[in-house]
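Trainee: Sharing coords.csv here; it has CSV, C-alpha atoms.
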chain,number,residue,atom,x,y,z
W,1,MET,CA,132.2,-67.7,163.4
W,2,ALA,CA,131.1,-71.3,162.8
W,3,SER,CA,129.7,-72.0,159.3
W,4,TRP,CA,129.7,-74.7,156.7
W,5,VAL,CA,132.8,-73.1,155.1
W,6,ILE,CA,134.9,-73.9,158.2
W,7,PHE,CA,133.3,-77.4,158.5
W,8,VAL,CA,134.3,-78.3,154.9
W,9,ALA,CA,137.8,-76.8,155.3
W,10,VAL,CA,138.4,-78.8,158.5
W,11,PHE,CA,137.0,-82.0,156.9
W,12,TYR,CA,139.4,-81.7,154.0
W,13,PHE,CA,142.3,-80.8,156.3
W,14,ILE,CA,141.8,-83.8,158.5
W,15,LEU,CA,141.3,-86.1,155.5
W,16,ILE,CA,144.6,-84.9,153.9
W,17,LYS,CA,146.4,-85.3,157.2
W,18,LEU,CA,145.1,-88.8,157.7
W,19,VAL,CA,146.3,-89.8,154.2
W,20,HIS,CA,149.7,-88.3,154.9
W,21,LEU,CA,150.2,-89.9,158.3
W,22,SER,CA,149.1,-93.3,157.0
W,23,GLN,CA,151.7,-93.4,154.2
W,24,PRO,CA,154.0,-95.9,156.0
W,25,PHE,CA,151.0,-98.4,156.0
W,26,HIS,CA,149.9,-97.9,152.3
W,27,ASP,CA,152.1,-100.6,150.9
W,28,ALA,CA,150.8,-103.2,153.4
W,29,TRP,CA,147.2,-102.2,152.7
W,30,LEU,CA,147.7,-102.3,149.0
W,31,GLU,CA,149.3,-105.7,149.4
W,32,SER,CA,146.4,-107.1,151.3
W,33,VAL,CA,143.6,-105.5,149.2
W,34,PHE,CA,144.9,-105.6,145.6
W,35,PHE,CA,148.1,-107.7,145.3
W,36,LYS,CA,147.8,-110.6,147.7
W,37,ARG,CA,145.2,-112.6,145.7
W,38,HIS,CA,146.3,-111.5,142.3
W,39,PRO,CA,147.1,-114.6,140.1
W,40,VAL,CA,150.6,-113.3,139.3
W,41,THR,CA,151.3,-112.8,143.0
W,42,VAL,CA,150.0,-116.2,143.9
W,43,LYS,CA,152.2,-117.8,141.2
W,44,PHE,CA,155.2,-115.8,142.4
W,45,HIS,CA,154.9,-117.1,145.9
W,46,GLU,CA,154.4,-120.7,144.7
W,47,LEU,CA,157.6,-120.5,142.7
W,48,ILE,CA,159.4,-119.0,145.7
W,49,LYS,CA,158.4,-122.0,147.8
W,50,GLU,CA,159.3,-124.4,145.1
W,51,ARG,CA,162.8,-122.9,144.7
W,52,ARG,CA,163.3,-123.0,148.5
W,53,LYS,CA,162.4,-126.7,148.5
W,54,VAL,CA,164.7,-127.5,145.6
W,55,ARG,CA,167.6,-125.6,147.2
W,56,GLU,CA,167.1,-127.5,150.5
W,57,GLU,CA,167.0,-130.8,148.6
W,58,ASN,CA,170.2,-129.9,146.7
W,59,LYS,CA,172.0,-129.1,150.0
W,60,SER,CA,171.2,-132.6,151.3
W,61,LEU,CA,172.6,-134.2,148.1
W,62,SER,CA,176.2,-135.0,147.4
W,63,ALA,CA,177.4,-133.8,144.0
W,64,GLN,CA,179.6,-136.9,143.7
W,65,ASP,CA,177.1,-139.6,144.8
W,66,HIS,CA,174.0,-138.0,143.2
W,67,TYR,CA,175.5,-136.1,140.3
W,68,ALA,CA,172.5,-136.6,137.9
W,69,LYS,CA,169.9,-135.5,140.5
W,70,TRP,CA,172.1,-132.6,141.7
W,71,THR,CA,172.6,-131.4,138.1
W,72,LYS,CA,168.9,-131.7,137.3
W,73,ASN,CA,168.0,-129.6,140.4
W,74,ASN,CA,170.5,-126.9,139.3
W,75,ARG,CA,168.9,-126.6,135.9
W,76,LYS,CA,165.5,-126.4,137.6
W,77,LEU,CA,166.8,-123.7,139.9
W,78,ASP,CA,168.0,-121.7,136.9
W,79,LYS,CA,164.6,-122.0,135.3
W,80,LEU,CA,162.8,-121.0,138.5
W,81,ASP,CA,165.1,-118.0,138.9
W,82,LYS,CA,164.2,-116.7,135.4
W,83,GLU,CA,160.4,-117.3,136.0
W,84,ILE,CA,160.6,-115.6,139.4
W,85,ASP,CA,162.4,-112.6,137.9
W,86,GLU,CA,159.8,-112.3,135.2
W,87,LEU,CA,156.9,-112.5,137.6
W,88,ALA,CA,158.6,-109.9,139.9
W,89,GLY,CA,158.8,-107.5,137.0
W,90,GLN,CA,155.1,-108.0,136.3
W,91,ILE,CA,154.2,-107.6,140.0
W,92,LYS,CA,156.2,-104.3,140.1
W,93,ALA,CA,154.5,-103.0,137.0
W,94,ASN,CA,151.0,-103.9,138.4
W,95,ASN,CA,151.9,-102.2,141.7
W,96,GLU,CA,153.0,-99.1,140.0
W,97,LYS,CA,149.8,-99.1,137.9
W,98,VAL,CA,147.5,-99.4,140.9
W,99,LYS,CA,149.5,-96.8,142.9
W,100,GLY,CA,149.3,-94.4,139.9
W,101,SER,CA,145.5,-94.9,139.7
W,102,LEU,CA,145.1,-94.2,143.4
W,103,LYS,CA,147.2,-91.1,143.2
W,104,LYS,CA,145.0,-89.8,140.4
W,105,LEU,CA,141.9,-90.7,142.4
W,106,LYS,CA,143.4,-88.7,145.4
W,107,LEU,CA,144.1,-85.8,143.1
W,108,VAL,CA,140.6,-85.8,141.7
W,109,LEU,CA,138.7,-86.4,144.9
W,110,ILE,CA,140.8,-84.6,147.5
W,111,THR,CA,143.6,-82.3,146.3
W,112,VAL,CA,141.9,-80.5,143.4
W,113,PRO,CA,138.5,-79.9,145.2
W,114,PHE,CA,140.3,-78.6,148.3
W,115,LEU,CA,142.5,-76.3,146.2
W,116,LEU,CA,139.4,-75.0,144.4
W,117,PHE,CA,137.6,-74.6,147.6
W,118,LYS,CA,140.4,-72.5,149.1
W,119,LEU,CA,140.5,-70.3,146.0
W,120,TRP,CA,136.8,-69.8,146.2
W,121,LYS,CA,136.4,-69.2,150.0
W,122,GLY,CA,140.0,-68.2,150.9
W,123,LYS,CA,139.0,-64.7,151.9
W,124,HIS,CA,136.1,-65.9,154.1
W,125,ILE,CA,136.5,-64.3,157.5
W,126,VAL,CA,136.9,-66.9,160.3
W,127,TYR,CA,137.6,-64.4,163.1
W,128,ASN,CA,136.5,-60.8,163.1
W,129,LEU,CA,138.9,-58.1,164.4
W,130,PRO,CA,137.1,-55.5,166.6
W,131,ASP,CA,139.2,-52.6,165.4
W,132,HIS,CA,140.9,-51.9,162.1
W,133,GLN,CA,143.8,-50.3,163.9
W,134,MET,CA,144.3,-53.3,166.2
W,135,PHE,CA,147.3,-54.6,164.2
W,136,PRO,CA,149.7,-52.9,161.7
W,137,GLN,CA,148.6,-52.4,158.2
W,138,LEU,CA,150.7,-55.2,156.7
W,139,ILE,CA,149.6,-57.8,159.2
W,140,ALA,CA,146.0,-56.9,159.1
W,141,GLY,CA,146.0,-56.9,155.3
W,142,VAL,CA,147.6,-60.3,155.1
W,143,TRP,CA,145.2,-61.8,157.7
W,144,SER,CA,142.1,-60.5,156.0
W,145,GLN,CA,143.1,-61.0,152.3
W,146,GLY,CA,145.8,-63.7,152.4
W,147,TRP,CA,149.4,-63.8,151.2
W,148,LEU,CA,148.3,-62.3,147.9
W,149,TYR,CA,148.0,-59.0,149.7
W,150,ILE,CA,151.8,-58.7,149.9
W,151,ALA,CA,152.2,-59.4,146.2
W,152,LEU,CA,149.6,-56.7,145.4
W,153,LEU,CA,150.7,-54.2,148.0
W,154,PRO,CA,153.2,-52.4,145.7
W,155,LEU,CA,150.5,-51.9,143.1
W,156,GLN,CA,148.2,-50.6,145.8
W,157,LEU,CA,150.8,-48.2,147.1
W,158,VAL,CA,151.4,-46.9,143.5
W,159,LYS,CA,147.7,-46.4,143.0
W,160,GLN,CA,147.3,-44.5,146.3
W,161,THR,CA,150.3,-42.4,145.6
W,162,LEU,CA,149.1,-41.4,142.1
W,163,SER,CA,145.6,-40.6,143.5
W,164,GLY,CA,147.2,-38.5,146.3
W,165,SER,CA,145.4,-40.5,149.0
W,166,THR,CA,147.1,-41.6,152.2
W,167,VAL,CA,148.7,-45.1,152.4
W,168,ASP,CA,146.3,-47.2,154.3
W,169,ILE,CA,144.3,-50.4,153.9
W,170,GLU,CA,141.3,-50.0,151.7
W,171,THR,CA,138.8,-50.9,154.4
W,172,ALA,CA,135.9,-49.7,152.3
W,173,THR,CA,136.3,-52.6,150.0
W,174,ILE,CA,136.5,-55.2,152.9
W,175,PRO,CA,133.1,-55.8,154.5
W,176,HIS,CA,134.7,-57.5,157.5
W,177,LEU,CA,138.3,-57.2,158.6
W,178,GLY,CA,139.7,-60.2,160.4
W,179,VAL,CA,141.5,-63.5,159.9
W,180,SER,CA,140.6,-65.1,156.5
W,181,LEU,CA,140.1,-68.8,155.9
W,182,GLY,CA,143.3,-69.1,153.9
W,183,ILE,CA,145.5,-67.7,156.6
W,184,TRP,CA,143.7,-69.7,159.2
W,185,LEU,CA,144.3,-72.9,157.3
W,186,TRP,CA,148.0,-72.0,156.8
W,187,ALA,CA,148.4,-71.4,160.6
W,188,LEU,CA,146.6,-74.7,161.3
W,189,GLU,CA,149.0,-76.5,158.9
W,190,ARG,CA,152.0,-74.9,160.5
W,191,VAL,CA,150.9,-75.9,164.0
W,192,SER,CA,150.0,-79.5,163.1
W,193,SER,CA,153.4,-79.9,161.3
W,194,THR,CA,155.3,-78.6,164.3
W,195,ILE,CA,153.4,-80.9,166.6
W,196,GLU,CA,154.1,-83.8,164.2
W,197,PHE,CA,157.8,-82.9,164.1
W,198,MET,CA,158.1,-82.7,167.9
W,199,ILE,CA,156.4,-86.1,168.3
W,200,LYS,CA,158.8,-87.7,165.8
W,201,GLN,CA,161.8,-86.1,167.6
W,202,PHE,CA,160.7,-87.3,171.0
W,203,GLY,CA,159.8,-90.8,169.6
W,204,SER,CA,163.2,-91.3,167.9
W,205,ARG,CA,166.1,-93.0,169.6
W,206,SER,CA,168.3,-90.8,171.7
W,207,ILE,CA,171.7,-90.2,170.2
W,208,GLN,CA,174.4,-91.9,172.2
W,209,LYS,CA,177.3,-89.8,173.3
W,210,PRO,CA,180.5,-90.9,171.5
W,211,ILE,CA,183.0,-92.7,173.6
W,212,THR,CA,186.2,-90.8,173.9
W,213,GLU,CA,189.4,-92.2,175.3
W,214,ASN,CA,191.1,-90.3,178.0
W,215,LEU,CA,194.8,-90.1,177.4
W,216,GLU,CA,196.5,-89.5,180.7
W,217,ILE,CA,200.2,-89.0,181.3
W,218,LYS,CA,200.9,-91.4,184.3
W,219,SER,CA,204.6,-90.5,184.6
W,220,ASP,CA,206.8,-87.6,183.6
W,221,GLU,CA,210.0,-89.5,184.1
W,222,ILE,CA,212.4,-89.8,181.1
W,223,LYS,CA,214.6,-92.9,181.2
W,224,MET,CA,218.2,-92.4,179.8
W,225,ASP,CA,220.0,-95.4,178.4
Rewrite the structure of this file - the entire thing - as structure tokens.
Mentor:
Amino acid sequence: MASWVIFVAVFYFILIKLVHLSQPFHDAWLESVFFKRHPVTVKFHELIKERRKVREENKSLSAQDHYAKWTKNNRKLDKLDKEIDELAGQIKANNEKVKGSLKKLKLVLITVPFLLFKLWKGKHIVYNLPDHQMFPQLIAGVWSQGWLYIALLPLQLVKQTLSGSTVDIETATIPHLGVSLGIWLWALERVSSTIEFMIKQFGSRSIQKPITENLEIKSDEIKMD
């Protein structure tokens, strides 16, 4: 049953998956977009280059023949190290601030709307079951009403026992019995996670078999002194 509900659910699902799969590249993207041209970052790289230049110059000097120049460069290196450490701390703080803002943006634009959407349309039937007796009561109830059905099942059984009715799914309160959107999304997530895990396993390096030394007894003779 194709509808706008399924379209919105698939859209959010793909969007969340893309964000998750692209995590290894987030730092590089943030570096190129937000941090690379920041004044603090530019100053940091300039000091790094200057420190490297001073170190190379000091290596070419003799401490005995050019003691004054060598000592001056050492003092300059100490100063550069302190400035670089301070700038590194500022860069780290800026990075954390930007990452925190992006996490909040993701929470507001993606995570929370998708969660509210699932709570709102979680029981929307994606596939209809032709017969109420096609599957056992527990499976059919979970598929049509979600995992909450298991939590509410004891209360339902107590209610039916007190009323003297037979233990069965209350099909009268369910217009269509089938697979709900919540269960369909859960199954889709499990399948995609399994495929992702298999791809990572096949793409990883094969484990080399440990090398074991074969200890062989070449002779059973015992020499007597």
Trainee: List every protein, DNA or RNA residue that has an atom no more than 12 Å from (140.2, -74.9, 148.7) in the file's coordinate frame, counting all atoms listed in the file, and report them as a PyMOL selection string.
Mentor: chain W and resi 5-6+8-13+110-124+181-183+185-186
Trainee: Can you write just those residues out, C-alpha atoms, as a PDB file, in the frame of the given file?
Mentor:
ATOM      1  CA  VAL W   5     132.800 -73.100 155.100  1.00  0.00           C
ATOM      2  CA  ILE W   6     134.900 -73.900 158.200  1.00  0.00           C
ATOM      3  CA  VAL W   8     134.300 -78.300 154.900  1.00  0.00           C
ATOM      4  CA  ALA W   9     137.800 -76.800 155.300  1.00  0.00           C
ATOM      5  CA  VAL W  10     138.400 -78.800 158.500  1.00  0.00           C
ATOM      6  CA  PHE W  11     137.000 -82.000 156.900  1.00  0.00           C
ATOM      7  CA  TYR W  12     139.400 -81.700 154.000  1.00  0.00           C
ATOM      8  CA  PHE W  13     142.300 -80.800 156.300  1.00  0.00           C
ATOM      9  CA  ILE W 110     140.800 -84.600 147.500  1.00  0.00           C
ATOM     10  CA  THR W 111     143.600 -82.300 146.300  1.00  0.00           C
ATOM     11  CA  VAL W 112     141.900 -80.500 143.400  1.00  0.00           C
ATOM     12  CA  PRO W 113     138.500 -79.900 145.200  1.00  0.00           C
ATOM     13  CA  PHE W 114     140.300 -78.600 148.300  1.00  0.00           C
ATOM     14  CA  LEU W 115     142.500 -76.300 146.200  1.00  0.00           C
ATOM     15  CA  LEU W 116     139.400 -75.000 144.400  1.00  0.00           C
ATOM     16  CA  PHE W 117     137.600 -74.600 147.600  1.00  0.00           C
ATOM     17  CA  LYS W 118     140.400 -72.500 149.100  1.00  0.00           C
ATOM     18  CA  LEU W 119     140.500 -70.300 146.000  1.00  0.00           C
ATOM     19  CA  TRP W 120     136.800 -69.800 146.200  1.00  0.00           C
ATOM     20  CA  LYS W 121     136.400 -69.200 150.000  1.00  0.00           C
ATOM     21  CA  GLY W 122     140.000 -68.200 150.900  1.00  0.00           C
ATOM     22  CA  LYS W 123     139.000 -64.700 151.900  1.00  0.00           C
ATOM     23  CA  HIS W 124     136.100 -65.900 154.100  1.00  0.00           C
ATOM     24  CA  LEU W 181     140.100 -68.800 155.900  1.00  0.00           C
ATOM     25  CA  GLY W 182     143.300 -69.100 153.900  1.00  0.00           C
ATOM     26  CA  ILE W 183     145.500 -67.700 156.600  1.00  0.00           C
ATOM     27  CA  LEU W 185     144.300 -72.900 157.300  1.00  0.00           C
ATOM     28  CA  TRP W 186     148.000 -72.000 156.800  1.00  0.00           C
TER      29      TRP W 186
END
Trainee: Quick check, in Å to one decimal: how far apart do atom CA of W:Arg51 and atom CA of W:Phe34 lie?
Mentor: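 Separation of atom CA of W:Arg51 and atom CA of W:Phe34: 24.9 Å.
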Trainee: Which distance in Å separates atom CA of W:Lys97 and atom CA of W:Glu83, to one decimal?
Mentor: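 Taking atom CA of W:Lys97 as the start and atom CA of W:Glu83 as the end point, the length is 21.1 Å.
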Trainee: Identify which of the residues W:Gly178, W:Gly89, W:Pro39, W:Gly141 lies closest to W:Asn128, counting all atoms listed in the file when measuring atom-to-atom distances.
Mentor: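 Checking each candidate against W:Asn128, we get W:Gly178 as the closest.
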Trainee: Of the residues W:Val98, W:Phe197, W:Phe135, W:Leu157, which is the one nearest to W:Val33, using only C-alpha atoms?
Mentor: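 With only C-alpha atoms as the atom set, the closest residue is W:Val98.
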Trainee: To one decimal place, how far is atom CA of W:Glu57 from atom CA of W:Lys69 in Å?
Mentor: 9.8 Å
Trainee: Which residue is closest to W:Pro130? Choose from W:Thr71, W:Val191, W:His45, W:Leu177 and count all atoms listed in the file.
Mentor: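 Of the candidates, the smallest distance to W:Pro130 is held by W:Leu177.
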Trainee: Considering all atoms listed in the file, can you say which of W:Phe7, W:Asn95, W:Lys49, W:Gln137 comes closest to W:Ala28?
Mentor: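 Closest residue, counting all atoms listed in the file: W:Asn95.
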Trainee: From the set W:Ser22, W:Ile14, W:Ile48, W:Asp27, which residue has the shortest atom-to-atom contact distance to W:Lys82, counting all atoms listed in the file?
Mentor: W:Ile48
Trainee: My list of candidates is W:Leu15, W:Val179, W:Ile125, W:Val42. Which is closest to W:Ile139 when distances are computed with all atoms listed in the file?
Mentor: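 So, comparing all the options, the nearest one is W:Val179.
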